[in-house]
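**Student:** Sending over work31.txt (compact mmCIF, C-alpha atoms).
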```txt
# COMPACT_ATOMS: atom_id res chain seq x y z
CA MET I 1 97.29 100.62 113.82
CA LEU I 2 100.36 98.43 113.40
CA LYS I 3 101.25 98.92 117.06
CA ARG I 4 97.79 97.60 118.01
CA THR I 5 97.67 94.81 115.40
CA PRO I 6 98.86 91.50 116.89
CA ARG I 7 100.88 88.94 114.97
CA THR I 8 98.35 86.12 114.87
CA GLY I 9 100.52 83.05 114.28
CA PHE I 10 101.66 82.89 117.88
CA GLN I 11 98.22 81.69 118.99
CA PHE I 12 98.92 78.44 117.11
CA LEU I 13 102.45 78.17 118.50
CA GLY I 14 101.06 78.42 122.02
CA SER I 15 103.52 81.04 123.26
CA GLY I 16 104.73 84.46 122.34
CA ALA I 17 103.05 87.70 121.43
CA GLU I 18 104.09 90.75 119.47
CA SER I 19 102.51 93.48 117.44
CA VAL I 20 103.12 93.94 113.73
CA ALA I 21 105.03 97.14 114.63
CA GLU I 22 107.37 95.19 116.93
CA HIS I 23 107.95 92.65 114.16
CA ILE I 24 108.72 95.41 111.65
CA PHE I 25 111.14 97.09 114.06
CA ARG I 26 113.33 94.01 114.38
CA THR I 27 112.96 93.19 110.66
CA VAL I 28 114.46 96.61 109.83
CA TYR I 29 117.55 95.88 111.95
CA ILE I 30 117.93 92.48 110.31
CA GLY I 31 117.51 94.05 106.86
CA TYR I 32 120.23 96.56 107.64
CA THR I 33 122.51 93.73 108.72
CA LEU I 34 121.79 91.70 105.57
CA GLY I 35 122.47 94.78 103.44
CA ARG I 36 125.80 95.46 105.13
CA LEU I 37 126.86 91.81 104.79
CA SER I 38 125.90 91.62 101.10
CA LYS I 39 127.56 93.04 98.01
CA ASN I 40 125.96 95.27 95.40
CA VAL I 41 122.87 95.97 97.49
CA ASP I 42 121.09 99.29 97.92
CA THR I 43 120.89 99.07 101.73
CA ASP I 44 118.76 102.23 101.97
CA LYS I 45 116.16 100.68 99.67
CA LEU I 46 116.37 97.38 101.55
CA ILE I 47 115.75 99.09 104.89
CA LYS I 48 112.76 100.96 103.45
CA MET I 49 111.31 97.70 102.11
CA CYS I 50 111.67 96.15 105.55
CA LEU I 51 110.03 99.20 107.10
CA PHE I 52 107.02 99.09 104.76
CA HIS I 53 106.69 95.37 103.96
CA ASP I 54 103.78 94.81 106.38
CA LEU I 55 102.21 98.27 106.10
CA PRO I 56 99.12 96.85 104.32
CA GLU I 57 98.37 94.98 107.55
CA ALA I 58 97.25 98.33 108.98
CA ARG I 59 94.20 97.82 106.72
CA ILE I 60 93.89 94.04 106.32
CA GLY I 61 95.31 92.75 109.62
CA ASP I 62 97.94 90.05 110.08
CA LEU I 63 96.95 86.83 108.39
CA ASN I 64 98.88 83.76 109.49
CA TYR I 65 99.32 80.64 107.36
CA VAL I 66 96.08 79.08 108.62
CA ASN I 67 94.12 82.27 107.87
CA LYS I 68 95.63 82.48 104.38
CA LYS I 69 94.30 79.00 103.66
CA TYR I 70 90.75 80.35 103.89
CA VAL I 71 90.81 84.14 103.51
CA LYS I 72 91.69 86.09 100.38
CA THR I 73 92.73 89.72 100.74
CA ASP I 74 93.32 92.50 98.26
CA GLU I 75 96.74 93.62 99.43
CA GLU I 76 97.24 95.77 96.34
CA LYS I 77 94.04 97.72 97.12
CA ALA I 78 95.22 98.23 100.69
CA VAL I 79 98.57 99.51 99.37
CA ASN I 80 96.83 101.84 96.90
CA ASP I 81 94.45 103.17 99.55
CA LEU I 82 97.37 103.90 101.89
CA ALA I 83 99.59 105.39 99.19
CA ASP I 84 96.85 107.64 97.82
CA THR I 85 96.63 109.50 101.15
CA LEU I 86 100.29 110.58 101.17
CA PRO I 87 102.24 113.00 98.96
CA PHE I 88 105.12 110.48 98.95
CA GLY I 89 102.81 107.48 98.72
CA HIS I 90 104.09 106.51 95.27
CA GLU I 91 107.50 105.65 96.78
CA ILE I 92 105.93 103.49 99.49
CA LYS I 93 103.71 101.80 96.90
CA GLU I 94 106.67 101.04 94.62
CA LEU I 95 108.69 99.61 97.52
CA ILE I 96 105.85 97.37 98.71
CA LEU I 97 105.04 96.15 95.20
CA GLU I 98 108.72 95.41 94.53
CA PHE I 99 108.86 93.52 97.83
CA LEU I 100 105.78 91.49 96.87
CA LYS I 101 107.21 90.63 93.42
CA GLY I 102 110.42 89.43 95.08
CA GLU I 103 112.57 89.79 91.97
CA SER I 104 115.28 92.25 93.06
CA ILE I 105 118.08 91.36 95.46
CA GLU I 106 116.72 93.99 97.88
CA ALA I 107 113.27 92.37 97.78
CA ARG I 108 114.71 88.90 98.39
CA LEU I 109 116.82 90.18 101.28
CA ALA I 110 113.83 92.04 102.76
CA TYR I 111 111.81 88.84 102.51
CA ASP I 112 114.61 86.97 104.26
CA ALA I 113 114.82 89.66 106.96
CA ASP I 114 111.11 89.06 107.56
CA GLN I 115 111.71 85.30 107.85
CA LEU I 116 114.83 85.72 110.01
CA GLU I 117 112.82 87.82 112.45
CA MET I 118 110.43 84.90 112.83
CA ILE I 119 113.36 82.47 113.10
CA LEU I 120 114.83 84.56 115.93
CA ALA I 121 111.49 84.61 117.74
CA LEU I 122 111.05 80.86 117.29
CA LYS I 123 114.58 80.19 118.55
CA GLU I 124 113.83 82.29 121.64
CA TYR I 125 110.64 80.30 122.29
CA LYS I 126 112.47 77.03 121.67
CA ASP I 127 115.12 78.03 124.21
CA LEU I 128 112.32 78.72 126.67
CA GLY I 129 110.88 75.23 126.14
CA ASN I 130 108.24 75.52 123.42
CA LYS I 131 108.22 72.05 121.88
CA TYR I 132 106.47 73.18 118.68
CA ALA I 133 109.07 75.79 117.73
CA ASP I 134 111.38 73.24 116.07
CA GLU I 135 108.80 72.26 113.46
CA TRP I 136 108.03 75.91 112.72
CA LEU I 137 111.77 76.63 112.44
CA ASP I 138 112.16 73.93 109.77
CA PHE I 139 109.51 75.56 107.58
CA ALA I 140 110.79 79.11 108.14
CA ILE I 141 114.33 78.10 107.17
CA LYS I 142 113.06 76.43 103.98
CA ARG I 143 111.46 79.75 102.96
CA LEU I 144 114.80 81.64 102.97
CA LYS I 145 115.87 82.82 99.51
CA THR I 146 119.49 83.92 99.92
CA ASP I 147 122.69 82.20 100.98
CA ILE I 148 123.55 84.97 103.46
CA ALA I 149 120.22 84.47 105.25
CA ARG I 150 120.69 80.71 105.33
CA GLU I 151 124.13 81.22 106.91
CA LEU I 152 122.68 83.59 109.51
CA SER I 153 119.93 81.10 110.30
CA LYS I 154 122.58 78.46 111.07
CA THR I 155 124.26 80.85 113.50
CA ILE I 156 120.91 81.66 115.10
CA LEU I 157 120.13 77.97 115.62
CA GLU I 158 123.57 77.29 117.11
CA THR I 159 123.45 80.21 119.57
CA ASP I 160 121.62 80.32 122.89
CA SER I 161 119.24 83.26 122.61
CA SER I 162 120.17 84.53 126.09
CA LEU I 163 123.90 84.36 125.45
CA TRP I 164 124.22 88.04 124.51
CA TRP I 165 123.29 89.24 127.97
CA PHE I 166 124.21 86.33 130.18
CA SER I 167 127.51 85.17 128.70
CA GLU I 168 129.65 86.49 131.56
CA LYS I 169 128.88 84.62 134.75
CA SER I 170 130.64 87.19 136.89
CA GLU I 171 130.29 88.98 140.20
CA TRP I 172 128.29 91.65 138.38
CA TRP I 173 125.28 89.36 138.63
CA VAL I 174 125.74 89.28 142.40
CA LYS I 175 126.72 92.88 143.13
CA GLY I 176 125.35 94.73 140.11
CA LYS I 177 128.65 96.37 139.27
CA LYS I 178 132.07 95.50 137.94
CA GLU I 179 135.01 95.59 140.27
```
Is it possible to express this structure as structure tokens?
**Tutor:**
Amino acid sequence: MLKRTPRTGFQFLGSGAESVAEHIFRTVYIGYTLGRLSKNVDTDKLIKMCLFHDLPEARIGDLNYVNKKYVKTDEEKAVNDLADTLPFGHEIKELILEFLKGESIEARLAYDADQLEMILALKEYKDLGNKYADEWLDFAIKRLKTDIARELSKTILETDSSLWWFSEKSEWWVKGKKE
């Protein structure tokens, strides 16, 4: 279901599209990075939180900030319904509930991984000319909870999103091979 559930905020941004599963995938990588850059963090737990943080959306869908203004969901019921169907569901339920409470360092970092994924997407759309991305970036950055995530967001904003693959302006781009 998560693969077929679209992230709905992009319709307001005017560009971009991804599924909840695609969002989770990149969030997990960001969570791993935050865990490795931080001290005294259970990176395994952090990665699992990133993996499961949007699992309830398989039942309730992805609600963007406009939707949340008008629609109330029972995320805890969705978590319980999902967890009750699995022999290891209690672990998933505990991870999601800890994420939602946001009290542990792992939960705060997982939250920031979720926000940094959006910041990366917005930076990509900004680099491609979306004039609304800047305003969205300001709000996403204000939501960050940890210093390490704020530092990473500065690097993201200062870096051209295509730099990783197009930094070498070499003959490879003409001939398709290195000489």
**Student:** Near I:Ala21, within 10 Å and counting all atoms listed in the file, which residues show up once chain neighbours fewer than 3 positions away are dropped, as a ChimeraX atom specification?
**Tutor:** /I:1-7,18,24-27,51,54-55,57-58
**Student:** Selection from above, C-alpha atoms, as an mmCIF file, in the coordinates of the input, can you write it?
**Tutor:**
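Written output follows (part_31.cif):
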```cif
data_model
loop_
_atom_site.group_PDB
_atom_site.id
_atom_site.type_symbol
_atom_site.label_atom_id
_atom_site.label_comp_id
_atom_site.auth_asym_id
_atom_site.auth_seq_id
_atom_site.Cartn_x
_atom_site.Cartn_y
_atom_site.Cartn_z
ATOM 1 C CA MET I 1 97.290 100.620 113.820
ATOM 2 C CA LEU I 2 100.360 98.430 113.400
ATOM 3 C CA LYS I 3 101.250 98.920 117.060
ATOM 4 C CA ARG I 4 97.790 97.600 118.010
ATOM 5 C CA THR I 5 97.670 94.810 115.400
ATOM 6 C CA PRO I 6 98.860 91.500 116.890
ATOM 7 C CA ARG I 7 100.880 88.940 114.970
ATOM 8 C CA GLU I 18 104.090 90.750 119.470
ATOM 9 C CA ILE I 24 108.720 95.410 111.650
ATOM 10 C CA PHE I 25 111.140 97.090 114.060
ATOM 11 C CA ARG I 26 113.330 94.010 114.380
ATOM 12 C CA THR I 27 112.960 93.190 110.660
ATOM 13 C CA LEU I 51 110.030 99.200 107.100
ATOM 14 C CA ASP I 54 103.780 94.810 106.380
ATOM 15 C CA LEU I 55 102.210 98.270 106.100
ATOM 16 C CA GLU I 57 98.370 94.980 107.550
ATOM 17 C CA ALA I 58 97.250 98.330 108.980
#
```
**Student:** If we count all atoms listed in the file, what is near stretch 107-111 of chain I at a cut-off of 6 Å, once residues fewer than 3 positions away on the same chain are taken out, given as an NGL selection string?
**Tutor:** :I and (31 or 50 or 99 or 102 or 104 or 114)
**Student:** Export, as a PDB file, in the frame of the given file, the selected residues with C-alpha atoms.
**Tutor:**
```
ATOM      1  CA  GLY I  31     117.510  94.050 106.860  1.00  0.00           C
ATOM      2  CA  CYS I  50     111.670  96.150 105.550  1.00  0.00           C
ATOM      3  CA  PHE I  99     108.860  93.520  97.830  1.00  0.00           C
ATOM      4  CA  GLY I 102     110.420  89.430  95.080  1.00  0.00           C
ATOM      5  CA  SER I 104     115.280  92.250  93.060  1.00  0.00           C
ATOM      6  CA  ASP I 114     111.110  89.060 107.560  1.00  0.00           C
TER       7      ASP I 114
END
```
**Student:** Given all atoms listed in the file as the basis, pick out the residue of I:Leu82, I:Glu135, I:Glu117, I:Asp62 nearest to I:Tyr29.
**Tutor:**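 Among I:Leu82, I:Glu135, I:Glu117, I:Asp62, it is I:Glu117 that comes nearest to I:Tyr29.
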**Student:** Residues at most 8 Å from stretch 83-94 of chain I, counting only C-alpha atoms, excluding those fewer than 4 positions away in the same chain, as an MDAnalysis selection string?
**Tutor:** chainID I and resid 52 79 98
**Student:** I'd like to know which of I:Leu46, I:Leu122, I:Leu137, I:Leu37 is closest to I:Ile105, using only C-alpha atoms.
**Tutor:**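 When distances to I:Ile105 are compared using only C-alpha atoms, the smallest one comes from I:Leu46.
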**Student:** So how many Å separate atom CA of I:Asn130 and atom CA of I:Asp147, to one decimal?
**Tutor:**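 Spanning atom CA of I:Asn130 to atom CA of I:Asp147 is a straight-line distance of 27.5 Å.
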**Student:** Could you work out how far atom CA of I:Ala113 lies from atom CA of I:His53, giving the answer in Å with one decimal?
**Tutor:** 10.4 Å
**Student:** Out of I:Asp160, I:Asp42, I:Glu151, I:Glu171, which residue has the shortest atom-to-atom distance to I:Glu106 when counting all atoms listed in the file?
**Tutor:**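 Residue with the minimum atom-to-atom distance to I:Glu106: I:Asp42.
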**Student:** Could you jot down the atom CA of I:Gln115 to atom CA of I:Ile141 separation for me, Å, one decimal place?
**Tutor:**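 Between atom CA of I:Gln115 and atom CA of I:Ile141 the gap works out to 7.7 Å.
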**Student:** Using all atoms listed in the file for the distances, tell me which of I:Thr43, I:Arg36, I:Ser19, I:Phe12 is nearest to I:Ile148.
**Tutor:**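 Nearest candidate to I:Ile148 out of I:Thr43, I:Arg36, I:Ser19, I:Phe12: I:Arg36.
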**Student:** Kindly indicate which residue among I:Lys77, I:Arg150, I:Lys126, I:Lys131 lies nearest to I:Asp112, using all atoms listed in the file for the distances.
**Tutor:**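 Selected residue with least distance to I:Asp112: I:Arg150.
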**Student:** Which of these, I:Thr33, I:Ser38, I:Thr73, I:Ser161, has the shortest distance to I:Gly61 once you count only C-alpha atoms?
**Tutor:**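 Looking only at the distances to I:Gly61, the closest residue turns out to be I:Thr73.
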